[in-house]
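Enquirer: The structure that follows is given in the form of structure tokens.
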Amino acid sequence: MSHDGVGRSAVLRSVAFLTAGALAVTALAACSSNEKKASTPAAGQDIAPAGRTLVSDGGTLRWAVDAVPGTLNAFQADADAATSRIAGAVLPSMFRLDVNGRPQVNSAYLESAKVVSTEPKQVVVYRLNQQAVWSDGREIGADDFAAQWRALSGKNRAYWTARNAGYDRIQKIERGANNLEVKVTFTKPYADWRSLFSPLYPKDVMGTPGSFNDGARGGLKVTAGPFGIQSVDRDHGTVTLSRNPRWWGRPAKLSEIVLVAVPRDQRAAALADGKLDMAEVDPEEADRITLAARDKGSTPLQGSSPGAETSGSASPGTESDDSASPGSESSGSASPGAAGPHNQQTLNGFVLRRSLEPAYTQLALNGGRGPLSDERVRRAVARSLDRTQLAGLVLKPLGLPVVPVGSHLALAGQDAYADGSGAIGNQDTKEAQKLLAEAGWVNGSAKAKAAGSEGDKGSGGAGRTQGAGSTAGSDRRDDSGEDDKPRHPVREPAQQGGPPPGAYAPKGTAAPGGAAAGVLAKNGKPLQLKFVLPSGPGSRSLQTVGDRIVRMLDKIGIRTEITKVPDDAFFKDHVASGDYDLALYSWPATAFPATDARPIYAKPVPASDGSLSVEQNYTRVGTDQVDQLFDQAIATLDQDEERDLVRKADAHIWAAAGSIPLYQRPQLTVTRADLANAGAFGFQTPVYEDMGFLKKGAKPSASPSKSDSGH
């Protein structure tokens, strides 16, 4: 859990592993008393829930996406968020995520799915819904499961797959009593078996390398969801989904969903011109929407009910109070976790719906080179950060709860979530300075001080000269060399060609109090780090967060040089290749951290060509303990044990200080005021068949009735 769009140092000394392990013990002991306590999401979803009887039949929903996807095959390396959105509407998923980010059986496709034996092998039996058929009339069955397994198992290299996790553990797939009973036998225990076959493609796609590699890129002839693919128009930037006449479930309320490619920085104009009905926006774009409404003489974004923000409080230009505390908010803002009408703002027939995205922004520390290869220096950086203050910069102006993320592997509301930050400790300037002294960084010479002060003309004494540090040549690798990508770092709003940071922050925020400490040096060389940030549109807020981190590091004697690079070069040419010391990017949350997070935190190992194989561990920091805990977690079929092992792994990741989680990303979606069951979904998988426009006079309810919605 990326700078948007994606997706983890040199091999550390054994003493570093021992130190990380020792630090984690106290934290694990401290949280053992509440290990079984379930968390709740930090903010509720905001989708204007309404029972189906209140929703009109028909209508077209025009929904913004960043671009028409390059492929409709979700298992290829260039699949993106739009690919996943289409797959969710037109293909089967055996499990779907609920509001807490927890997988639940999807009754449209499954009657049941369970482990029926563990000895001598783990066997899972899927019993499919008897009505489930592909759009060509063929029933969904064991042949489709078997074809997908063979394509994704990794045994046939002719299939250009992005990931094989889980499928490579399957020994065989057989028909049970009939074609609707699927028996899956694993070679060894696999805890995250629920992650498989979601989405499920027809055997026509998975059956041959040609159909997998090329056939499903531009279209899907056979589907099995409430919608099917009517057209993919790359010239006009649209993908049109229409009702599936063979759909056996609750009929889709909408006649069509048209995904419209609109860059983030053009969505305000598109919404104001009536070209879109729903679009995710960033705080800067929300500000533009307000201005566009004023120019047209319509009502700007304003609070629509008691408890909503005062006018303008959501603007990214609003200053934030540095004294924010966990859970604190701006005056008059919605309460933590508020949803529905308490999270709405009106704009000429539109509302701004707010929640928290299932992704978190982190500060990545490259342990593969320079001062940060020393664990003590990384821990000093971590101890210098006031994570609550950083979260407040982003979340408080939006009326969202100011709660720093406490886990690398899960978010609040998910079973695996527990605050493991105690393994590194809270912000403590003196402790940070002590760690630096232990690492040999002391008050520098006059020459070192002069070098450090050259860039003090920037922000808070931070150096601004390009080129600090050097790229670790053995770590350099092309991003296209990754064969197994369980997750992509989250794509940043205004960036179309590369992974976006995913961080937001208000403009014009004031610097915190406290003078910078004298520059530190070692062997006459000043302690200076290269902080790489993207420079494109939509990156202003990320740069604001970066500036605040620079000032926090100044206070312990660490100087930084912010290097701004083009968006399309930020990730591939700097983060993935290791040409950075510090960087901000985001990872998405996952319901299956034992599988999906392992490549992000696995210990880098030497490759056959002498380079370092880092998988997705772009911080290049890993430990044997973390690898062992992931291996144990993925091999247990006891869900409580798996959760506890994941939490222990997180504590070790905190202790190694390769990355510091900061805050869950805001999720802002502008929708038509009469659009129901759609908006800021949070964790939940959208229920496409329930989306639609309210009947005249109908109002959204607090929650849809179970009997009416079918959930």
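Order determines the names: the first chain of the structure tokens is A, the second B, and so forth; residues in each chain are numbered 1 upward, and ligands are numbered 1 upward as they are shown.
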Could you list, as an NGL selection string, every residue within 12 Å of Arg138 (chain A), counting only C-alpha atoms and ignoring same-chain residues fewer than 3 positions away?
Expert: :A and (130-135 or 141-144 or 179-180 or 202-204 or 222-224 or 246)
Enquirer: For Ala108 (chain A), please output as a list of chain:residue names all residues within 10 Å (counting only C-alpha atoms; exclusion window: fewer than 4 positions along the same chain).
Expert: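 Here the answer would be A:Pro92, A:Ser93, A:Met94, A:Phe95, A:Leu128, A:Asn129, A:Gln130, A:Gln131, A:Ala132, A:Gly225, A:Pro226, A:Trp247, A:Trp248, A:Gly249, A:Arg250.
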Enquirer: Given the choices A:Asp627, A:Asp233, A:Asp282, A:Asp419, which gets closest to Glu357 (chain A) if the distance is worked out from only C-alpha atoms?
Expert: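 Closest to Glu357 (chain A), using only C-alpha atoms: A:Asp282.
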Enquirer: Which residue, A:Ala191, A:Met206, A:Leu629, A:Leu529, has the smallest gap to Gly367 (chain A) when you use only C-alpha atoms?
Expert: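 Closest to Gly367 (chain A) of all the choices is A:Leu529.
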Enquirer: Using only C-alpha atoms, find the one residue out of A:Phe681, A:Phe693, A:Tyr190, A:Phe630 that sits nearest to Ile653 (chain A).
Expert: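 Checking each candidate against Ile653 (chain A), we get A:Phe630 as the closest.
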Enquirer: If you run DSSP on the backbone here, which positions in region 544-634 of chain A get strand (DSSP E or B)? Please write them as a PyMOL selection string.
Expert: chain A and resi 559-565+582-588+605-606+612-613
Enquirer: Any chance you could export the current selection's C-alpha atoms as a CSV table (one decimal), in the first residue's frame?
Expert:
chain,number,residue,atom,x,y,z
A,559,ARG,CA,19.2,19.2,5.4
A,560,THR,CA,17.3,18.3,2.3
A,561,GLU,CA,17.3,19.3,-1.3
A,562,ILE,CA,13.9,19.1,-3.0
A,563,THR,CA,14.3,17.9,-6.6
A,564,LYS,CA,11.2,18.5,-8.7
A,565,VAL,CA,10.9,16.1,-11.7
A,582,LEU,CA,13.2,10.7,0.3
A,583,ALA,CA,9.9,10.5,-1.7
A,584,LEU,CA,6.2,10.7,-1.1
A,585,TYR,CA,3.9,8.2,-2.8
A,586,SER,CA,0.9,6.1,-1.9
A,587,TRP,CA,0.0,2.4,-1.7
A,588,PRO,CA,-3.6,1.1,-2.0
A,605,VAL,CA,18.0,-10.3,-2.9
A,606,PRO,CA,20.8,-10.3,-5.5
A,612,LEU,CA,19.5,-6.2,-6.7
A,613,SER,CA,16.1,-7.7,-7.2
Enquirer: Can you tell me which residues surround Ala676 (chain A) at a distance of at most 6 Å, considering only C-alpha atoms, apart from same-chain residues fewer than 4 positions away, and format the answer as a VMD selection string?
Expert: chain A and resid 48 to 49 691 to 693
Enquirer: Provide the CA of Gln362 (chain A) to CA of Ser611 (chain A) distance in Å, to one decimal place.
Expert: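 Those two atoms sit 26.0 Å apart.
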